[in-house]
Amino acid sequence: MSLTDQIVDLAHLPADRIPEGARAKAQLSLLDWMVCGWAGRDEPLSGKLRDLAALEGGRPVAHVFGGAPGAMQVPARMAALVNGAVSHALDYDDTHFAHVGHLSVGIYPAALAVAEELGASQAQLVEAFVIGAEAAIRIGVALGAAHYNRGFHQTATAGAFGATVAAARLYGLDADQTRAAIGLCATRASGLRSQFGTMGKPYNAGIAASTGVECAQLARLGMTSALDGLTGPQGFLDTHSDATHVGDAFALPPAQEFLFDDNKYKFHACCHGTHAMIEGLLAARPAGLTLDDVAGVTLLTSPRWLSVCDKKAPTTGLEVKFSYAWLAGMALRGDETGDDRAYTDALAQDPALADFASRVEVTGDAGVTDLQARGQITLRDGQVLDYAHDLAAPLPEDLLRDKLLRKAQAAIGPMGRAFADYLASPGGISARAIGALIAEGA
């Protein structure tokens with residue numbers, strides 16, 4: 001069975017075979033995604049995309065973040081584009097490290113747009129998301145590290161396939177139509193890491209979401225594609241990765257072993273590759289420490305992150321989010337790294353952080369996983385403090401829910417609690433009600 005066959009089967013997995021743990025985590029992802037999108041609704045990128053949607057017009061079926069007044073509604077494909085980019089604008093959304101990308105910002109916008117169009121329920125929306133997310137993870141694993149290291153942004157590439165599967169499930173496409181949608185996605189999926197630190201990075205997430213809606217819609221209308229555009233000769237994996245096998249190694253596990261269960265959430269408003277370092281430094285930081293007390297910091301990190309998170313001299317607030325040296329200084333100085341408002345362009349010119357950055361030594365170590373960081377803090381009085389953190393350590397569900405609620409309230413104030421309360425309504429709410437929430441607030 002090819003990977004494509006497995007993904008088609010996954011798209012039609014009965015709802016009662018979706019693991020409860022994965023479903024519960026997908027509910028948390030819905031809240032986190034809505035919070036990130038609401039927090040990013042006033043970013044310059046967001047206004048430009050809403051302007052694009054207004055210029056294009058079309059059949060109004062789905063809402064966009066910050067679309068009020070008038071609860072702006074646009075075609076499903078455009079809603080997916082806008083909401084995907086807006087929710088990734090602050091780079092504060094979840095990450096799956098096996099997929100090497102952000103799942104919610106590429107898949108939930110596609111799923112919500114179609115769910116609004118069809119009048120689906122919250123439960124159907126969440127089911128489509130978790131199935132799409134699982135497909136994206138498996139395709140990301142098949143693409144392998146070489147795909148990411150070559151410069152592709154898997155939020156946009158593997159994520160586009162996940163968005164396609166989610167949309168196909170909601171539209172009720174049969175196996176042949178789903179296969180066609182995946183094949184069409186194979187010729188549309190795109191996104192480059194060279195866009196990191198610019199508006200192009202969140203745009204990548206919007207591209208993934210809109211691609212998913214478009215390909216599912218076209219397959220629904222009867223458009224055909226290569227029989228196996230994903231794993232066939234000159235297909236997506238053949239052309240975009242070094243993968244040499246895509247069969248049994250990627251077989252679907254039992255229902256209780258969904259890879260989505262390893263999804264991770266951000267509690268610092270910066271690149272997820274920096275979070276293990278930040279957590280380690282915060283745990284080791286002595287009370288009352290100042291940057292002048294520190295002679296130097298060493299960091300051992302996964303080599304993967306050196307081309308992503310090691311900007312030595314950031315020039316904008318966005319670039320600070322990808323700078324180990326700047327973020328190490330912020331953490332040890334006691335800055336609120338979880339507050340996106342801290343990441344201003346002025347921060348990139350902070351003389352104290354610029355001076356401290358010269359004392360931070362970053363080294364890639366193949367023995368350190370993508371979720372780990374370790375190193376030492378050397379103080380001017382001669383003390384050496386070891387630090388380490390591993391993001392792979394699981395959080396109990398109640399603690400994770402509490403941390404996400406605190407993040408929601410810190411990021412968007414009382415609206416964070418309101419979103420959580422609406423989503424926790426007995427029996428859930430409709431997708432259209434969720435759309436109204438992201439447009440107008442609660």
# chains A, B, ... in the order shown; residues from 1 in each chain; ligands from 1

$ residues_around --residues "Ala22 (chain A)" --least-positions-apart "2" --cutoff "8 Å" --atoms "only C-alpha atoms" --output "CSV table (one decimal) with N, CA and C atoms, in the first residue's frame"
chain,number,residue,atom,x,y,z
A,18,ILE,N,-11.3,7.7,15.6
A,18,ILE,CA,-10.4,8.8,16.0
A,18,ILE,C,-10.1,8.7,17.5
A,19,PRO,N,-8.9,8.6,17.9
A,19,PRO,CA,-8.6,8.4,19.3
A,19,PRO,C,-9.1,9.6,20.1
A,20,GLU,N,-9.6,9.3,21.3
A,20,GLU,CA,-10.2,10.4,22.1
A,20,GLU,C,-9.1,11.4,22.5
A,24,ALA,N,-9.3,15.3,21.8
A,24,ALA,CA,-9.3,16.3,22.9
A,24,ALA,C,-8.2,17.3,22.6
A,25,LYS,N,-7.0,16.9,22.1
A,25,LYS,CA,-5.9,17.8,21.8
A,25,LYS,C,-6.3,18.7,20.7
A,26,ALA,N,-7.0,18.1,19.7
A,26,ALA,CA,-7.5,19.0,18.6
A,26,ALA,C,-8.4,20.1,19.0
A,130,VAL,N,-8.2,17.0,12.8
A,130,VAL,CA,-7.3,16.0,13.3
A,130,VAL,C,-6.9,15.0,12.2
A,258,PHE,N,-2.1,7.7,17.2
A,258,PHE,CA,-2.0,8.9,16.3
A,258,PHE,C,-0.8,9.7,16.6
A,260,PHE,N,-0.4,12.7,16.0
A,260,PHE,CA,-0.8,14.1,16.4
A,260,PHE,C,-0.7,14.2,17.9
A,261,ASP,N,-0.7,13.2,18.6
A,261,ASP,CA,-0.7,13.3,20.1
A,261,ASP,C,0.6,14.0,20.5

$ closest_atom_pairs --of "region 211-280 of chain A" --to "region 402-422 of chain A" --cutoff "9 Å" --atoms "only C-alpha atoms" --output "CSV"
residue,atom,partner,partner_atom,distance
A:Tyr265,CA,A:Leu404,CA,8.1
A:Lys266,CA,A:Leu404,CA,8.7
A:Phe267,CA,A:Lys407,CA,6.7

$ write_last_selection --atoms "N, CA, C and O atoms" --output "mmCIF file, in the first residue's frame"
data_model
loop_
_atom_site.group_PDB
_atom_site.id
_atom_site.type_symbol
_atom_site.label_atom_id
_atom_site.label_comp_id
_atom_site.auth_asym_id
_atom_site.auth_seq_id
_atom_site.Cartn_x
_atom_site.Cartn_y
_atom_site.Cartn_z
ATOM 1 N N TYR A 265 2.770 23.065 21.884
ATOM 2 C CA TYR A 265 2.197 24.401 21.870
ATOM 3 C C TYR A 265 3.214 25.416 22.369
ATOM 4 O O TYR A 265 4.065 25.109 23.206
ATOM 5 N N LYS A 266 3.087 26.624 21.848
ATOM 6 C CA LYS A 266 4.028 27.683 22.206
ATOM 7 C C LYS A 266 3.542 28.466 23.424
ATOM 8 O O LYS A 266 2.380 28.873 23.481
ATOM 9 N N PHE A 267 4.484 28.697 24.336
ATOM 10 C CA PHE A 267 4.212 29.571 25.465
ATOM 11 C C PHE A 267 5.171 30.755 25.480
ATOM 12 O O PHE A 267 5.226 31.524 26.436
#

$ residues_around --residues "Thr239 (chain A)" --least-positions-apart "2" --cutoff "12 Å" --atoms "only C-alpha atoms" --output "PDB file with all heavy atoms, in the first residue's frame"
ATOM      1  N   LEU A 143       8.642  13.027   3.745  1.00  0.00           N
ATOM      2  CA  LEU A 143       9.525  13.993   3.085  1.00  0.00           C
ATOM      3  C   LEU A 143      10.890  14.030   3.745  1.00  0.00           C
ATOM      4  O   LEU A 143      11.907  14.223   3.076  1.00  0.00           O
ATOM      5  CB  LEU A 143       8.881  15.382   3.104  1.00  0.00           C
ATOM      6  CG  LEU A 143       7.712  15.589   2.149  1.00  0.00           C
ATOM      7  CD1 LEU A 143       6.940  16.851   2.512  1.00  0.00           C
ATOM      8  CD2 LEU A 143       8.196  15.663   0.710  1.00  0.00           C
ATOM      9  N   ALA A 146      15.635  16.170   4.891  1.00  0.00           N
ATOM     10  CA  ALA A 146      16.274  16.777   3.718  1.00  0.00           C
ATOM     11  C   ALA A 146      15.366  17.817   3.063  1.00  0.00           C
ATOM     12  O   ALA A 146      15.844  18.830   2.539  1.00  0.00           O
ATOM     13  CB  ALA A 146      16.657  15.699   2.710  1.00  0.00           C
ATOM     14  N   HIS A 147      14.064  17.572   3.084  1.00  0.00           N
ATOM     15  CA  HIS A 147      13.101  18.501   2.490  1.00  0.00           C
ATOM     16  C   HIS A 147      13.172  19.859   3.199  1.00  0.00           C
ATOM     17  O   HIS A 147      13.289  20.910   2.552  1.00  0.00           O
ATOM     18  CB  HIS A 147      11.699  17.898   2.608  1.00  0.00           C
ATOM     19  CG  HIS A 147      10.590  18.752   2.088  1.00  0.00           C
ATOM     20  ND1 HIS A 147      10.383  18.970   0.753  1.00  0.00           N
ATOM     21  CD2 HIS A 147       9.604  19.438   2.738  1.00  0.00           C
ATOM     22  CE1 HIS A 147       9.323  19.764   0.585  1.00  0.00           C
ATOM     23  NE2 HIS A 147       8.839  20.060   1.781  1.00  0.00           N
ATOM     24  N   ARG A 150      16.603  21.590   2.759  1.00  0.00           N
ATOM     25  CA  ARG A 150      16.780  22.124   1.408  1.00  0.00           C
ATOM     26  C   ARG A 150      16.163  23.505   1.270  1.00  0.00           C
ATOM     27  O   ARG A 150      16.455  24.233   0.313  1.00  0.00           O
ATOM     28  CB  ARG A 150      16.172  21.149   0.406  1.00  0.00           C
ATOM     29  CG  ARG A 150      16.568  21.378  -1.047  1.00  0.00           C
ATOM     30  CD  ARG A 150      16.019  20.264  -1.933  1.00  0.00           C
ATOM     31  NE  ARG A 150      16.663  19.001  -1.621  1.00  0.00           N
ATOM     32  CZ  ARG A 150      16.209  17.809  -2.000  1.00  0.00           C
ATOM     33  NH1 ARG A 150      15.085  17.728  -2.699  1.00  0.00           N
ATOM     34  NH2 ARG A 150      16.845  16.704  -1.679  1.00  0.00           N
ATOM     35  N   ALA A 186      -0.460  18.077  -5.067  1.00  0.00           N
ATOM     36  CA  ALA A 186       0.952  17.806  -5.327  1.00  0.00           C
ATOM     37  C   ALA A 186       1.559  18.795  -6.316  1.00  0.00           C
ATOM     38  O   ALA A 186       2.752  19.082  -6.259  1.00  0.00           O
ATOM     39  CB  ALA A 186       1.122  16.376  -5.858  1.00  0.00           C
ATOM     40  N   THR A 187       0.730  19.330  -7.194  1.00  0.00           N
ATOM     41  CA  THR A 187       1.254  20.292  -8.158  1.00  0.00           C
ATOM     42  C   THR A 187       1.044  21.740  -7.711  1.00  0.00           C
ATOM     43  O   THR A 187       1.460  22.672  -8.405  1.00  0.00           O
ATOM     44  CB  THR A 187       0.625  20.052  -9.550  1.00  0.00           C
ATOM     45  OG1 THR A 187       1.509  20.523 -10.569  1.00  0.00           O
ATOM     46  CG2 THR A 187      -0.746  20.669  -9.686  1.00  0.00           C
ATOM     47  N   GLY A 229      -0.021  11.622  -7.540  1.00  0.00           N
ATOM     48  CA  GLY A 229       0.813  12.812  -7.600  1.00  0.00           C
ATOM     49  C   GLY A 229       1.719  12.979  -6.400  1.00  0.00           C
ATOM     50  O   GLY A 229       2.648  13.792  -6.424  1.00  0.00           O
ATOM     51  N   LEU A 230       1.448  12.218  -5.349  1.00  0.00           N
ATOM     52  CA  LEU A 230       2.265  12.330  -4.141  1.00  0.00           C
ATOM     53  C   LEU A 230       3.484  11.419  -4.195  1.00  0.00           C
ATOM     54  O   LEU A 230       4.619  11.884  -4.042  1.00  0.00           O
ATOM     55  CB  LEU A 230       1.412  12.013  -2.907  1.00  0.00           C
ATOM     56  CG  LEU A 230       2.133  11.979  -1.556  1.00  0.00           C
ATOM     57  CD1 LEU A 230       2.767  13.334  -1.244  1.00  0.00           C
ATOM     58  CD2 LEU A 230       1.165  11.566  -0.443  1.00  0.00           C
ATOM     59  N   THR A 231       3.255  10.121  -4.436  1.00  0.00           N
ATOM     60  CA  THR A 231       4.361   9.162  -4.328  1.00  0.00           C
ATOM     61  C   THR A 231       4.737   8.507  -5.651  1.00  0.00           C
ATOM     62  O   THR A 231       5.657   7.691  -5.695  1.00  0.00           O
ATOM     63  CB  THR A 231       4.018   8.058  -3.313  1.00  0.00           C
ATOM     64  OG1 THR A 231       2.874   7.326  -3.775  1.00  0.00           O
ATOM     65  CG2 THR A 231       3.710   8.644  -1.948  1.00  0.00           C
ATOM     66  N   GLY A 232       4.046   8.831  -6.728  1.00  0.00           N
ATOM     67  CA  GLY A 232       4.352   8.228  -8.012  1.00  0.00           C
ATOM     68  C   GLY A 232       5.597   8.821  -8.652  1.00  0.00           C
ATOM     69  O   GLY A 232       6.228   9.734  -8.115  1.00  0.00           O
ATOM     70  N   PRO A 233       5.981   8.293  -9.825  1.00  0.00           N
ATOM     71  CA  PRO A 233       7.149   8.815 -10.539  1.00  0.00           C
ATOM     72  C   PRO A 233       7.012  10.311 -10.804  1.00  0.00           C
ATOM     73  O   PRO A 233       5.978  10.778 -11.263  1.00  0.00           O
ATOM     74  CB  PRO A 233       7.150   8.010 -11.842  1.00  0.00           C
ATOM     75  CG  PRO A 233       6.411   6.757 -11.519  1.00  0.00           C
ATOM     76  CD  PRO A 233       5.353   7.166 -10.531  1.00  0.00           C
ATOM     77  N   GLN A 234       8.063  11.060 -10.475  1.00  0.00           N
ATOM     78  CA  GLN A 234       8.089  12.517 -10.590  1.00  0.00           C
ATOM     79  C   GLN A 234       6.967  13.182  -9.790  1.00  0.00           C
ATOM     80  O   GLN A 234       6.564  14.309 -10.075  1.00  0.00           O
ATOM     81  CB  GLN A 234       8.028  12.954 -12.064  1.00  0.00           C
ATOM     82  CG  GLN A 234       9.246  12.507 -12.867  1.00  0.00           C
ATOM     83  CD  GLN A 234       9.266  13.064 -14.262  1.00  0.00           C
ATOM     84  OE1 GLN A 234       8.257  13.130 -14.949  1.00  0.00           O
ATOM     85  NE2 GLN A 234      10.446  13.508 -14.695  1.00  0.00           N
ATOM     86  N   GLY A 235       6.484  12.469  -8.768  1.00  0.00           N
ATOM     87  CA  GLY A 235       5.498  13.042  -7.860  1.00  0.00           C
ATOM     88  C   GLY A 235       6.164  13.946  -6.839  1.00  0.00           C
ATOM     89  O   GLY A 235       7.363  14.247  -6.913  1.00  0.00           O
ATOM     90  N   PHE A 236       5.372  14.359  -5.856  1.00  0.00           N
ATOM     91  CA  PHE A 236       5.872  15.357  -4.910  1.00  0.00           C
ATOM     92  C   PHE A 236       7.063  14.835  -4.104  1.00  0.00           C
ATOM     93  O   PHE A 236       8.063  15.530  -3.932  1.00  0.00           O
ATOM     94  CB  PHE A 236       4.745  15.797  -3.964  1.00  0.00           C
ATOM     95  CG  PHE A 236       5.055  17.074  -3.234  1.00  0.00           C
ATOM     96  CD1 PHE A 236       4.828  18.297  -3.845  1.00  0.00           C
ATOM     97  CD2 PHE A 236       5.570  17.064  -1.950  1.00  0.00           C
ATOM     98  CE1 PHE A 236       5.123  19.487  -3.192  1.00  0.00           C
ATOM     99  CE2 PHE A 236       5.864  18.237  -1.284  1.00  0.00           C
ATOM    100  CZ  PHE A 236       5.639  19.461  -1.904  1.00  0.00           C
ATOM    101  N   LEU A 237       6.959  13.613  -3.593  1.00  0.00           N
ATOM    102  CA  LEU A 237       8.074  13.083  -2.810  1.00  0.00           C
ATOM    103  C   LEU A 237       9.305  12.857  -3.675  1.00  0.00           C
ATOM    104  O   LEU A 237      10.441  13.116  -3.242  1.00  0.00           O
ATOM    105  CB  LEU A 237       7.669  11.783  -2.110  1.00  0.00           C
ATOM    106  CG  LEU A 237       7.153  11.954  -0.679  1.00  0.00           C
ATOM    107  CD1 LEU A 237       5.837  12.699  -0.662  1.00  0.00           C
ATOM    108  CD2 LEU A 237       7.001  10.615   0.023  1.00  0.00           C
ATOM    109  N   SER A 241      12.108  15.575  -2.158  1.00  0.00           N
ATOM    110  CA  SER A 241      12.768  14.961  -1.009  1.00  0.00           C
ATOM    111  C   SER A 241      13.768  13.921  -1.467  1.00  0.00           C
ATOM    112  O   SER A 241      13.897  13.636  -2.666  1.00  0.00           O
ATOM    113  CB  SER A 241      11.733  14.311  -0.081  1.00  0.00           C
ATOM    114  OG  SER A 241      11.295  13.076  -0.635  1.00  0.00           O
ATOM    115  N   ASP A 242      14.456  13.359  -0.494  1.00  0.00           N
ATOM    116  CA  ASP A 242      15.385  12.262  -0.766  1.00  0.00           C
ATOM    117  C   ASP A 242      14.792  10.923  -0.357  1.00  0.00           C
ATOM    118  O   ASP A 242      15.510   9.937  -0.237  1.00  0.00           O
ATOM    119  CB  ASP A 242      16.703  12.477   0.005  1.00  0.00           C
ATOM    120  CG  ASP A 242      17.465  13.697  -0.506  1.00  0.00           C
ATOM    121  OD1 ASP A 242      17.206  14.105  -1.657  1.00  0.00           O
ATOM    122  OD2 ASP A 242      18.286  14.244   0.240  1.00  0.00           O
ATOM    123  N   ALA A 243      13.479  10.880  -0.127  1.00  0.00           N
ATOM    124  CA  ALA A 243      12.835   9.650   0.327  1.00  0.00           C
ATOM    125  C   ALA A 243      12.987   8.553  -0.720  1.00  0.00           C
ATOM    126  O   ALA A 243      12.808   8.779  -1.921  1.00  0.00           O
ATOM    127  CB  ALA A 243      11.353   9.900   0.592  1.00  0.00           C
ATOM    128  N   THR A 244      13.348   7.368  -0.274  1.00  0.00           N
ATOM    129  CA  THR A 244      13.517   6.238  -1.181  1.00  0.00           C
ATOM    130  C   THR A 244      12.459   5.173  -0.961  1.00  0.00           C
ATOM    131  O   THR A 244      12.372   4.229  -1.723  1.00  0.00           O
ATOM    132  CB  THR A 244      14.904   5.598  -1.003  1.00  0.00           C
ATOM    133  OG1 THR A 244      15.062   5.202   0.367  1.00  0.00           O
ATOM    134  CG2 THR A 244      15.999   6.580  -1.376  1.00  0.00           C
TER     135      THR A 244
END

$ closest_residue --among "A:His63, A:Trp305, A:Leu347, A:Leu327" --to "Gly364 (chain A)" --atoms "only C-alpha atoms"
A:Trp305

$ residues_around --residues "region 351-363 of chain A" --least-positions-apart "4" --cutoff "6 Å" --atoms "only C-alpha atoms" --output "ChimeraX atom specification"
/A:296-300,325-326,329

$ write_last_selection --atoms "N, CA and C atoms" --output "PDB file, in the first residue's frame"
ATOM      1  N   GLY A 296      29.153  34.763  30.078  1.00  0.00           N
ATOM      2  CA  GLY A 296      28.883  34.116  28.804  1.00  0.00           C
ATOM      3  C   GLY A 296      27.861  33.008  28.931  1.00  0.00           C
ATOM      4  N   VAL A 297      27.264  32.667  27.814  1.00  0.00           N
ATOM      5  CA  VAL A 297      26.293  31.568  27.742  1.00  0.00           C
ATOM      6  C   VAL A 297      26.679  30.684  26.566  1.00  0.00           C
ATOM      7  N   THR A 298      26.689  29.381  26.803  1.00  0.00           N
ATOM      8  CA  THR A 298      26.856  28.437  25.699  1.00  0.00           C
ATOM      9  C   THR A 298      25.539  27.707  25.476  1.00  0.00           C
ATOM     10  N   LEU A 299      25.295  27.339  24.237  1.00  0.00           N
ATOM     11  CA  LEU A 299      24.079  26.612  23.881  1.00  0.00           C
ATOM     12  C   LEU A 299      24.428  25.499  22.907  1.00  0.00           C
ATOM     13  N   LEU A 300      23.988  24.302  23.232  1.00  0.00           N
ATOM     14  CA  LEU A 300      24.037  23.179  22.297  1.00  0.00           C
ATOM     15  C   LEU A 300      22.615  22.947  21.807  1.00  0.00           C
ATOM     16  N   ALA A 325      20.644  34.412  20.432  1.00  0.00           N
ATOM     17  CA  ALA A 325      21.405  35.330  21.268  1.00  0.00           C
ATOM     18  C   ALA A 325      20.510  36.387  21.895  1.00  0.00           C
ATOM     19  N   TRP A 326      19.629  36.977  21.097  1.00  0.00           N
ATOM     20  CA  TRP A 326      18.729  38.016  21.626  1.00  0.00           C
ATOM     21  C   TRP A 326      17.748  37.416  22.639  1.00  0.00           C
ATOM     22  N   GLY A 329      19.268  36.665  26.007  1.00  0.00           N
ATOM     23  CA  GLY A 329      19.360  37.884  26.811  1.00  0.00           C
ATOM     24  C   GLY A 329      18.022  38.288  27.396  1.00  0.00           C
TER      25      GLY A 329
END

$ select_by_dssp --residues "region 175-307 of chain A" --states "helix (DSSP H, G or I)" --output "MDAnalysis selection string"
chainID A and resid 175:186 193:195 200:220 236:240 248:250 255:257 259:262 272:284 291:293 303:307

$ closest_residue --among "A:Arg333, A:Lys264, A:Lys312, A:Arg179" --to "Ser2 (chain A)" --atoms "only C-alpha atoms"
A:Arg179

$ residues_around --residues "region 217-224 of chain A" --least-positions-apart "4" --cutoff "12 Å" --atoms "only C-alpha atoms" --output "ChimeraX atom specification"
/A:75-77,110,113-114,117,163-185,210-213,228-229

$ write_last_selection --atoms "N, CA, C and O atoms" --output "CSV table (one decimal), in the first residue's frame"
chain,number,residue,atom,x,y,z
A,75,PRO,N,-15.5,34.0,-0.1
A,75,PRO,CA,-15.5,32.7,-0.5
A,75,PRO,C,-14.6,31.8,0.4
A,75,PRO,O,-13.7,32.3,1.0
A,76,ALA,N,-14.9,30.5,0.4
A,76,ALA,CA,-14.2,29.6,1.3
A,76,ALA,C,-12.7,29.6,1.0
A,76,ALA,O,-11.9,29.7,2.0
A,77,ARG,N,-12.3,29.6,-0.2
A,77,ARG,CA,-10.8,29.6,-0.5
A,77,ARG,C,-10.2,30.8,0.0
A,77,ARG,O,-9.1,30.8,0.5
A,110,ALA,N,-8.6,26.0,6.5
A,110,ALA,CA,-9.3,25.3,5.4
A,110,ALA,C,-10.5,24.6,5.9
A,110,ALA,O,-11.6,24.6,5.3
A,113,ALA,N,-13.4,27.1,6.9
A,113,ALA,CA,-14.0,27.7,5.7
A,113,ALA,C,-15.0,26.7,5.1
A,113,ALA,O,-16.1,27.1,4.7
A,114,VAL,N,-14.6,25.5,4.9
A,114,VAL,CA,-15.5,24.5,4.3
A,114,VAL,C,-16.7,24.2,5.3
A,114,VAL,O,-17.8,24.0,4.8
A,117,GLU,N,-19.2,26.8,5.1
A,117,GLU,CA,-19.9,26.7,3.8
A,117,GLU,C,-21.0,25.7,3.9
A,117,GLU,O,-22.1,25.9,3.4
A,163,ALA,N,-4.4,20.1,4.7
A,163,ALA,CA,-5.6,21.0,4.4
A,163,ALA,C,-6.5,20.4,3.4
A,163,ALA,O,-7.7,20.4,3.5
A,164,THR,N,-5.9,19.8,2.4
A,164,THR,CA,-6.7,19.1,1.3
A,164,THR,C,-7.5,17.9,1.8
A,164,THR,O,-8.7,17.8,1.5
A,165,VAL,N,-6.8,17.1,2.7
A,165,VAL,CA,-7.5,16.0,3.3
A,165,VAL,C,-8.7,16.4,4.2
A,165,VAL,O,-9.8,15.8,4.1
A,166,ALA,N,-8.4,17.4,5.0
A,166,ALA,CA,-9.5,17.9,5.9
A,166,ALA,C,-10.7,18.4,5.0
A,166,ALA,O,-11.8,18.2,5.4
A,167,ALA,N,-10.4,19.2,4.0
A,167,ALA,CA,-11.5,19.7,3.1
A,167,ALA,C,-12.2,18.6,2.4
A,167,ALA,O,-13.4,18.6,2.3
A,168,ALA,N,-11.4,17.6,1.9
A,168,ALA,CA,-12.0,16.5,1.2
A,168,ALA,C,-13.0,15.7,2.1
A,168,ALA,O,-14.1,15.3,1.7
A,169,ARG,N,-12.6,15.6,3.4
A,169,ARG,CA,-13.4,14.8,4.3
A,169,ARG,C,-14.7,15.6,4.5
A,169,ARG,O,-15.8,15.0,4.5
A,170,LEU,N,-14.7,16.9,4.7
A,170,LEU,CA,-15.9,17.6,5.0
A,170,LEU,C,-16.8,17.7,3.8
A,170,LEU,O,-18.0,17.6,3.9
A,171,TYR,N,-16.2,17.8,2.6
A,171,TYR,CA,-17.0,17.8,1.4
A,171,TYR,C,-17.6,16.4,1.0
A,171,TYR,O,-18.4,16.2,0.2
A,172,GLY,N,-17.1,15.4,1.8
A,172,GLY,CA,-17.6,14.0,1.5
A,172,GLY,C,-17.1,13.4,0.2
A,172,GLY,O,-17.8,12.6,-0.4
A,173,LEU,N,-15.9,13.7,-0.2
A,173,LEU,CA,-15.3,13.2,-1.4
A,173,LEU,C,-15.1,11.7,-1.3
A,173,LEU,O,-14.8,11.2,-0.2
A,174,ASP,N,-15.4,10.9,-2.4
A,174,ASP,CA,-15.2,9.5,-2.3
A,174,ASP,C,-13.7,9.2,-2.5
A,174,ASP,O,-12.9,10.2,-2.7
A,175,ALA,N,-13.3,8.0,-2.5
A,175,ALA,CA,-11.8,7.6,-2.6
A,175,ALA,C,-11.2,8.2,-3.8
A,175,ALA,O,-10.1,8.7,-3.8
A,176,ASP,N,-11.8,8.0,-5.0
A,176,ASP,CA,-11.2,8.5,-6.2
A,176,ASP,C,-11.1,10.0,-6.3
A,176,ASP,O,-10.1,10.6,-6.7
A,177,GLN,N,-12.1,10.7,-5.8
A,177,GLN,CA,-12.1,12.2,-5.7
A,177,GLN,C,-11.0,12.6,-4.7
A,177,GLN,O,-10.3,13.6,-5.0
A,178,THR,N,-10.9,12.0,-3.6
A,178,THR,CA,-9.8,12.3,-2.6
A,178,THR,C,-8.4,12.1,-3.2
A,178,THR,O,-7.6,13.0,-3.1
A,179,ARG,N,-8.3,11.0,-4.0
A,179,ARG,CA,-7.0,10.8,-4.6
A,179,ARG,C,-6.7,11.9,-5.6
A,179,ARG,O,-5.6,12.4,-5.8
A,180,ALA,N,-7.7,12.3,-6.4
A,180,ALA,CA,-7.5,13.4,-7.3
A,180,ALA,C,-7.2,14.7,-6.6
A,180,ALA,O,-6.3,15.5,-7.1
A,181,ALA,N,-7.8,15.0,-5.5
A,181,ALA,CA,-7.5,16.2,-4.7
A,181,ALA,C,-6.1,16.2,-4.3
A,181,ALA,O,-5.4,17.2,-4.3
A,182,ILE,N,-5.6,15.0,-3.8
A,182,ILE,CA,-4.2,14.9,-3.3
A,182,ILE,C,-3.3,15.1,-4.5
A,182,ILE,O,-2.2,15.8,-4.4
A,183,GLY,N,-3.6,14.5,-5.7
A,183,GLY,CA,-2.8,14.7,-6.8
A,183,GLY,C,-2.7,16.2,-7.3
A,183,GLY,O,-1.7,16.7,-7.7
A,184,LEU,N,-3.8,16.9,-7.2
A,184,LEU,CA,-3.8,18.3,-7.6
A,184,LEU,C,-3.0,19.1,-6.6
A,184,LEU,O,-2.3,20.0,-6.9
A,185,CYS,N,-3.1,18.7,-5.3
A,185,CYS,CA,-2.3,19.4,-4.3
A,185,CYS,C,-0.8,19.2,-4.5
A,185,CYS,O,0.0,20.2,-4.3
A,210,SER,N,-5.5,27.7,1.6
A,210,SER,CA,-6.3,27.9,0.4
A,210,SER,C,-6.1,26.8,-0.7
A,210,SER,O,-7.0,26.5,-1.4
A,211,THR,N,-4.9,26.3,-0.8
A,211,THR,CA,-4.6,25.2,-1.7
A,211,THR,C,-5.5,24.0,-1.3
A,211,THR,O,-6.1,23.3,-2.2
A,212,GLY,N,-5.6,23.7,0.0
A,212,GLY,CA,-6.5,22.6,0.4
A,212,GLY,C,-7.9,22.7,0.0
A,212,GLY,O,-8.5,21.8,-0.5
A,213,VAL,N,-8.5,23.9,0.2
A,213,VAL,CA,-9.8,24.2,-0.2
A,213,VAL,C,-10.0,24.1,-1.7
A,213,VAL,O,-10.9,23.4,-2.3
A,228,ASP,N,-1.2,9.2,-8.9
A,228,ASP,CA,-0.5,9.3,-7.6
A,228,ASP,C,0.5,10.4,-7.7
A,228,ASP,O,1.7,10.3,-7.9
A,229,GLY,N,0.0,11.6,-7.5
A,229,GLY,CA,0.8,12.8,-7.6
A,229,GLY,C,1.7,13.0,-6.4
A,229,GLY,O,2.6,13.8,-6.4

$ select_by_dssp --residues "region 17-80 of chain A" --states "strand (DSSP E or B)" --output "list in words"
Ala62, His63, Gln73 and Val74 of chain A

$ residues_around --residues "Ser190 (chain A)" --least-positions-apart "6" --cutoff "8 Å" --atoms "only C-alpha atoms" --output "list in words"
Phe152, His153, Ala156, Thr157, Asn204, Ile207 and Ala208 of chain A
